[in-house]
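*Asks:* One file: target.pdb (PDB, C-alpha atoms, pLDDT in the B column).
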```pdb
ATOM      1  CA  MET D   1      92.445 103.780 104.849  1.00 48.00           C
ATOM      2  CA  PHE D   2      90.747 100.399 104.360  1.00 54.00           C
ATOM      3  CA  SER D   3      90.614  97.313 106.510  1.00 60.00           C
ATOM      4  CA  THR D   4      90.717  94.688 103.718  1.00 71.00           C
ATOM      5  CA  PHE D   5      91.621  94.368 100.068  1.00 87.00           C
ATOM      6  CA  PRO D   6      90.019  91.111  98.961  1.00 88.00           C
ATOM      7  CA  ALA D   7      91.543  89.284  96.023  1.00 88.00           C
ATOM      8  CA  GLY D   8      90.143  86.419  93.952  1.00 92.00           C
ATOM      9  CA  TRP D   9      86.432  86.422  93.130  1.00 94.00           C
ATOM     10  CA  PRO D  10      85.501  89.085  95.744  1.00 93.00           C
ATOM     11  CA  GLY D  11      88.215  91.362  94.331  1.00 93.00           C
ATOM     12  CA  ALA D  12      86.941  90.726  90.801  1.00 95.00           C
ATOM     13  CA  GLY D  13      83.424  91.594  91.940  1.00 95.00           C
ATOM     14  CA  LEU D  14      84.641  94.886  93.402  1.00 94.00           C
ATOM     15  CA  LEU D  15      86.527  95.595  90.176  1.00 96.00           C
ATOM     16  CA  LEU D  16      83.283  94.979  88.262  1.00 96.00           C
ATOM     17  CA  LEU D  17      81.321  97.350  90.525  1.00 95.00           C
ATOM     18  CA  ARG D  18      83.997 100.041  90.218  1.00 96.00           C
ATOM     19  CA  SER D  19      84.154  99.581  86.448  1.00 97.00           C
ATOM     20  CA  VAL D  20      80.394  99.832  85.938  1.00 95.00           C
ATOM     21  CA  ILE D  21      80.008 103.079  87.841  1.00 95.00           C
ATOM     22  CA  GLY D  22      83.340 104.439  86.547  1.00 96.00           C
ATOM     23  CA  VAL D  23      82.513 103.870  82.868  1.00 95.00           C
ATOM     24  CA  THR D  24      79.057 105.376  83.389  1.00 92.00           C
ATOM     25  CA  LEU D  25      80.506 108.506  84.984  1.00 93.00           C
ATOM     26  CA  VAL D  26      83.212 108.899  82.339  1.00 94.00           C
ATOM     27  CA  ALA D  27      80.645 108.511  79.545  1.00 91.00           C
ATOM     28  CA  GLN D  28      78.353 111.058  81.224  1.00 88.00           C
ATOM     29  CA  GLY D  29      81.232 113.502  81.717  1.00 89.00           C
ATOM     30  CA  ILE D  30      82.399 113.204  78.107  1.00 91.00           C
ATOM     31  CA  GLY D  31      78.818 113.552  76.869  1.00 87.00           C
ATOM     32  CA  ASP D  32      78.367 116.706  78.932  1.00 84.00           C
ATOM     33  CA  LEU D  33      81.668 118.247  77.820  1.00 87.00           C
ATOM     34  CA  VAL D  34      81.039 117.824  74.087  1.00 87.00           C
ATOM     35  CA  ASP D  35      79.351 121.220  73.907  1.00 80.00           C
ATOM     36  CA  TRP D  36      81.635 123.034  76.385  1.00 82.00           C
ATOM     37  CA  ASN D  37      80.868 126.608  75.268  1.00 84.00           C
ATOM     38  CA  SER D  38      77.109 126.405  75.803  1.00 81.00           C
ATOM     39  CA  LEU D  39      77.349 124.967  79.331  1.00 81.00           C
ATOM     40  CA  GLY D  40      76.852 126.939  82.500  1.00 85.00           C
ATOM     41  CA  LEU D  41      79.462 127.039  85.253  1.00 88.00           C
ATOM     42  CA  VAL D  42      77.688 124.481  87.469  1.00 84.00           C
ATOM     43  CA  THR D  43      77.155 122.078  84.571  1.00 83.00           C
ATOM     44  CA  ARG D  44      80.819 122.368  83.599  1.00 88.00           C
ATOM     45  CA  ALA D  45      81.885 121.660  87.167  1.00 89.00           C
ATOM     46  CA  VAL D  46      79.575 118.631  87.390  1.00 87.00           C
ATOM     47  CA  ALA D  47      80.855 117.310  84.048  1.00 88.00           C
ATOM     48  CA  VAL D  48      84.510 117.656  85.060  1.00 93.00           C
ATOM     49  CA  LEU D  49      83.782 116.148  88.485  1.00 93.00           C
ATOM     50  CA  SER D  50      81.997 113.251  86.800  1.00 92.00           C
ATOM     51  CA  LEU D  51      84.955 112.640  84.508  1.00 95.00           C
ATOM     52  CA  VAL D  52      87.520 112.830  87.326  1.00 97.00           C
ATOM     53  CA  SER D  53      85.590 110.626  89.772  1.00 96.00           C
ATOM     54  CA  GLY D  54      84.816 108.079  87.043  1.00 96.00           C
ATOM     55  CA  THR D  55      88.465 107.856  86.053  1.00 97.00           C
ATOM     56  CA  SER D  56      89.471 107.547  89.696  1.00 97.00           C
ATOM     57  CA  LEU D  57      87.007 104.687  90.167  1.00 97.00           C
ATOM     58  CA  LEU D  58      88.233 102.916  87.038  1.00 97.00           C
ATOM     59  CA  ILE D  59      91.821 102.812  88.289  1.00 97.00           C
ATOM     60  CA  GLY D  60      90.846 102.439  91.946  1.00 94.00           C
ATOM     61  CA  TYR D  61      92.536 105.550  93.280  1.00 95.00           C
ATOM     62  CA  LEU D  62      91.021 107.269  96.354  1.00 93.00           C
ATOM     63  CA  THR D  63      88.041 104.996  95.889  1.00 94.00           C
ATOM     64  CA  PRO D  64      85.906 106.045  98.904  1.00 93.00           C
ATOM     65  CA  LEU D  65      86.185 109.721  97.980  1.00 95.00           C
ATOM     66  CA  ALA D  66      85.428 109.081  94.299  1.00 96.00           C
ATOM     67  CA  SER D  67      82.463 106.862  95.253  1.00 95.00           C
ATOM     68  CA  LEU D  68      81.117 109.518  97.602  1.00 96.00           C
ATOM     69  CA  VAL D  69      81.323 112.103  94.822  1.00 95.00           C
ATOM     70  CA  ALA D  70      79.589 109.676  92.453  1.00 94.00           C
ATOM     71  CA  ALA D  71      76.789 108.985  94.936  1.00 94.00           C
ATOM     72  CA  LEU D  72      76.241 112.690  95.644  1.00 93.00           C
ATOM     73  CA  MET D  73      76.193 113.494  91.922  1.00 88.00           C
ATOM     74  CA  GLY D  74      73.688 110.697  91.350  1.00 86.00           C
ATOM     75  CA  VAL D  75      71.452 112.060  94.102  1.00 89.00           C
ATOM     76  CA  GLY D  76      71.821 115.589  92.730  1.00 85.00           C
ATOM     77  CA  LEU D  77      70.902 114.541  89.206  1.00 80.00           C
ATOM     78  CA  ALA D  78      68.031 112.329  90.381  1.00 79.00           C
ATOM     79  CA  LEU D  79      66.550 115.135  92.474  1.00 81.00           C
ATOM     80  CA  SER D  80      67.287 117.742  89.771  1.00 74.00           C
ATOM     81  CA  TRP D  81      69.509 119.865  92.002  1.00 72.00           C
ATOM     82  CA  PHE D  82      71.545 120.701  88.934  1.00 68.00           C
ATOM     83  CA  GLN D  83      70.735 120.327  85.297  1.00 68.00           C
ATOM     84  CA  SER D  84      72.601 118.105  82.887  1.00 65.00           C
ATOM     85  CA  PRO D  85      72.563 118.390  79.100  1.00 64.00           C
ATOM     86  CA  SER D  86      70.011 116.256  77.263  1.00 61.00           C
ATOM     87  CA  PRO D  87      71.863 112.929  76.791  1.00 67.00           C
ATOM     88  CA  ASN D  88      71.780 112.215  80.535  1.00 73.00           C
ATOM     89  CA  LEU D  89      72.480 108.639  81.663  1.00 71.00           C
ATOM     90  CA  PHE D  90      70.910 109.371  85.044  1.00 71.00           C
ATOM     91  CA  ASP D  91      67.711 110.857  83.608  1.00 71.00           C
ATOM     92  CA  ILE D  92      65.644 107.769  84.440  1.00 76.00           C
ATOM     93  CA  ARG D  93      65.090 107.479  88.197  1.00 78.00           C
ATOM     94  CA  PRO D  94      65.834 103.724  88.446  1.00 84.00           C
ATOM     95  CA  ALA D  95      69.142 104.199  86.606  1.00 84.00           C
ATOM     96  CA  ALA D  96      70.120 106.933  89.047  1.00 86.00           C
ATOM     97  CA  GLY D  97      69.062 104.695  91.946  1.00 89.00           C
ATOM     98  CA  PHE D  98      71.200 101.830  90.658  1.00 92.00           C
ATOM     99  CA  ALA D  99      74.204 104.139  90.230  1.00 92.00           C
ATOM    100  CA  ILE D 100      73.765 105.501  93.745  1.00 93.00           C
ATOM    101  CA  ALA D 101      73.461 101.965  95.175  1.00 95.00           C
ATOM    102  CA  ILE D 102      76.621 100.811  93.388  1.00 95.00           C
ATOM    103  CA  ALA D 103      78.559 103.876  94.564  1.00 95.00           C
ATOM    104  CA  VAL D 104      77.445 103.340  98.185  1.00 95.00           C
ATOM    105  CA  ALA D 105      78.370  99.638  97.953  1.00 94.00           C
ATOM    106  CA  VAL D 106      81.862 100.584  96.749  1.00 94.00           C
ATOM    107  CA  ILE D 107      82.162 103.081  99.630  1.00 93.00           C
ATOM    108  CA  CYS D 108      81.277 100.340 102.118  1.00 92.00           C
ATOM    109  CA  LEU D 109      83.375  97.551 100.575  1.00 91.00           C
ATOM    110  CA  GLY D 110      86.486  99.405  99.434  1.00 90.00           C
ATOM    111  CA  PRO D 111      88.419  99.101  96.191  1.00 92.00           C
ATOM    112  CA  GLY D 112      89.560  95.470  96.308  1.00 92.00           C
ATOM    113  CA  ALA D 113      92.965  94.032  95.484  1.00 91.00           C
ATOM    114  CA  PHE D 114      92.902  95.105  91.830  1.00 93.00           C
ATOM    115  CA  SER D 115      93.339  98.836  92.427  1.00 94.00           C
ATOM    116  CA  VAL D 116      95.905 101.562  92.915  1.00 94.00           C
ATOM    117  CA  ASP D 117      94.667 101.918  96.509  1.00 92.00           C
ATOM    118  CA  ALA D 118      95.645  98.302  97.196  1.00 90.00           C
ATOM    119  CA  ARG D 119      99.175  99.068  96.000  1.00 90.00           C
ATOM    120  CA  LEU D 120      99.412 102.257  98.054  1.00 91.00           C
ATOM    121  CA  PHE D 121      97.558 101.272 101.233  1.00 87.00           C
ATOM    122  CA  GLY D 122      97.300  97.460 100.966  1.00 83.00           C
ATOM    123  CA  ARG D 123      98.432  94.632 103.143  1.00 73.00           C
ATOM    124  CA  ARG D 124     101.750  95.139 104.888  1.00 73.00           C
ATOM    125  CA  GLU D 125     103.969  92.560 106.493  1.00 74.00           C
ATOM    126  CA  ILE D 126     105.156  93.524 109.948  1.00 76.00           C
ATOM    127  CA  ILE D 127     108.406  91.858 110.990  1.00 78.00           C
ATOM    128  CA  ILE D 128     109.111  91.735 114.709  1.00 75.00           C
ATOM    129  CA  PRO D 129     112.816  91.233 115.473  1.00 76.00           C
ATOM    130  CA  GLU D 130     113.793  88.070 117.391  1.00 76.00           C
ATOM    131  CA  GLY D 131     115.509  89.858 120.252  1.00 69.00           C
ATOM    132  CA  SER D 132     112.702  92.218 121.125  1.00 62.00           C
ATOM    133  CA  ARG D 133     110.979  91.622 124.426  1.00 64.00           C
ATOM    134  CA  PRO D 134     107.851  93.226 125.836  1.00 67.00           C
ATOM    135  CA  LEU D 135     108.399  95.995 128.376  1.00 67.00           C
ATOM    136  CA  GLU D 136     107.953  94.820 131.945  1.00 66.00           C
ATOM    137  CA  PRO D 137     105.946  97.017 134.318  1.00 63.00           C
TER     138      PRO D 137
END
```
For this file, produce the structure as structure tokens.

*Replies:*
Amino acid sequence: MFSTFPAGWPGAGLLLLRSVIGVTLVAQGIGDLVDWNSLGLVTRAVAVLSLVSGTSLLIGYLTPLASLVAALMGVGLALSWFQSPSPNLFDIRPAAGFAIAIAVAVICLGPGAFSVDARLFGRREIIIPEGSRPLEP
């Protein structure tokens, strides 16, 4: 799924990026779901999607997919493709732009070593047995 899972300071930086966008999405999703009964179907779907993708980014599970969802939701909210209830964290265009940029950066860089993805798809050690020889033509 990913080519590298950097640890150390680069891994901490990726954890910070994932955390910033994840907390923002979770807060937006919870804020949207507070008044569940008065929301339309699209707004409910966006709120649940925001909550799920934010949680996925926080733990680092299926990070590219969650980041793609986050970026598309940021673009949709910035361009007013769908309406969000009044306490909208992406209401200001620069805030939406920053969220989109962070989500795209996480798509490009991957989750880092401090994630569930690193545990599931991370570095593997390949052991080649001593007696194996290459096939001769």

*Asks:* Would you kindly return, as a PyMOL selection string, each protein, DNA or RNA residue with an atom no farther than 6 Å from any atom of segment 23-39 of chain D, considering only C-alpha atoms and excluding same-chain residues fewer than 6 positions away?

*Replies:* chain D and resi 47+50-51+54

*Asks:* What is the distance between atom CA of Leu120 of chain D and atom CA of Ser53 of chain D, in Å to one decimal?

*Replies:*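 Separation of atom CA of Leu120 of chain D and atom CA of Ser53 of chain D: 18.2 Å.
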
*Asks:* Could you tell me which residues the PyMOL selection byres ((chain D and resi 112) around 12) returns for this structure, as a PyMOL selection string?

*Replies:* chain D and resi 2-19+57-64+106-111+113-119+121-123

*Asks:* Could you jot down the atom CA of Val42 of chain D to atom CA of Ala105 of chain D separation for me, Å, one decimal place?

*Replies:*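 A separation of 27.0 Å between them.
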
*Asks:* Go ahead and compute the interatomic distance for atom CA of Ala66 of chain D and atom CA of Leu41 of chain D, in Å to one decimal.

*Replies:* 21.0 Å

*Asks:* Apply the PyMOL selection byres ((chain D and resi 73) around 10) to the file shown and report the selected residues as a PyMOL selection string.

*Replies:* chain D and resi 25+46-47+49-50+67-72+74-79+81-82+90+96+99-100

*Asks:* Generate the missing atoms of segment 92-109 of chain D up to N, CA and C atoms and report them as an mmCIF file, in the frame of the given file.

*Replies:*
```
data_model
loop_
_atom_site.group_PDB
_atom_site.id
_atom_site.type_symbol
_atom_site.label_atom_id
_atom_site.label_comp_id
_atom_site.auth_asym_id
_atom_site.auth_seq_id
_atom_site.Cartn_x
_atom_site.Cartn_y
_atom_site.Cartn_z
ATOM 1 N N ILE D 92 66.678 108.687 83.972
ATOM 2 C CA ILE D 92 65.644 107.769 84.440
ATOM 3 C C ILE D 92 65.911 107.470 85.908
ATOM 4 N N ARG D 93 64.912 107.626 86.748
ATOM 5 C CA ARG D 93 65.090 107.479 88.197
ATOM 6 C C ARG D 93 65.673 106.122 88.604
ATOM 7 N N PRO D 94 65.214 104.998 88.043
ATOM 8 C CA PRO D 94 65.834 103.724 88.446
ATOM 9 C C PRO D 94 67.324 103.643 88.096
ATOM 10 N N ALA D 95 67.724 104.208 86.967
ATOM 11 C CA ALA D 95 69.142 104.199 86.606
ATOM 12 C C ALA D 95 69.955 104.998 87.607
ATOM 13 N N ALA D 96 69.434 106.134 88.028
ATOM 14 C CA ALA D 96 70.120 106.933 89.047
ATOM 15 C C ALA D 96 70.170 106.174 90.369
ATOM 16 N N GLY D 97 69.086 105.486 90.711
ATOM 17 C CA GLY D 97 69.062 104.695 91.946
ATOM 18 C C GLY D 97 70.086 103.573 91.929
ATOM 19 N N PHE D 98 70.207 102.893 90.778
ATOM 20 C CA PHE D 98 71.200 101.830 90.658
ATOM 21 C C PHE D 98 72.610 102.392 90.781
ATOM 22 N N ALA D 99 72.870 103.522 90.158
ATOM 23 C CA ALA D 99 74.204 104.139 90.230
ATOM 24 C C ALA D 99 74.527 104.553 91.664
ATOM 25 N N ILE D 100 73.558 105.103 92.350
ATOM 26 C CA ILE D 100 73.765 105.501 93.745
ATOM 27 C C ILE D 100 74.040 104.270 94.605
ATOM 28 N N ALA D 101 73.272 103.197 94.394
ATOM 29 C CA ALA D 101 73.461 101.965 95.175
ATOM 30 C C ALA D 101 74.844 101.359 94.931
ATOM 31 N N ILE D 102 75.295 101.349 93.690
ATOM 32 C CA ILE D 102 76.621 100.811 93.388
ATOM 33 C C ILE D 102 77.700 101.664 94.039
ATOM 34 N N ALA D 103 77.560 102.981 93.963
ATOM 35 C CA ALA D 103 78.559 103.876 94.564
ATOM 36 C C ALA D 103 78.610 103.689 96.082
ATOM 37 N N VAL D 104 77.463 103.548 96.731
ATOM 38 C CA VAL D 104 77.445 103.340 98.185
ATOM 39 C C VAL D 104 78.039 101.982 98.530
ATOM 40 N N ALA D 105 77.773 100.957 97.715
ATOM 41 C CA ALA D 105 78.370 99.638 97.953
ATOM 42 C C ALA D 105 79.887 99.705 97.860
ATOM 43 N N VAL D 106 80.410 100.455 96.889
ATOM 44 C CA VAL D 106 81.862 100.584 96.749
ATOM 45 C C VAL D 106 82.439 101.369 97.927
ATOM 46 N N ILE D 107 81.704 102.355 98.432
ATOM 47 C CA ILE D 107 82.162 103.081 99.630
ATOM 48 C C ILE D 107 82.297 102.109 100.795
ATOM 49 N N CYS D 108 81.294 101.267 100.985
ATOM 50 C CA CYS D 108 81.277 100.340 102.118
ATOM 51 C C CYS D 108 82.306 99.218 101.987
ATOM 52 N N LEU D 109 82.530 98.723 100.774
ATOM 53 C CA LEU D 109 83.375 97.551 100.575
ATOM 54 C C LEU D 109 84.834 97.875 100.286
#
```
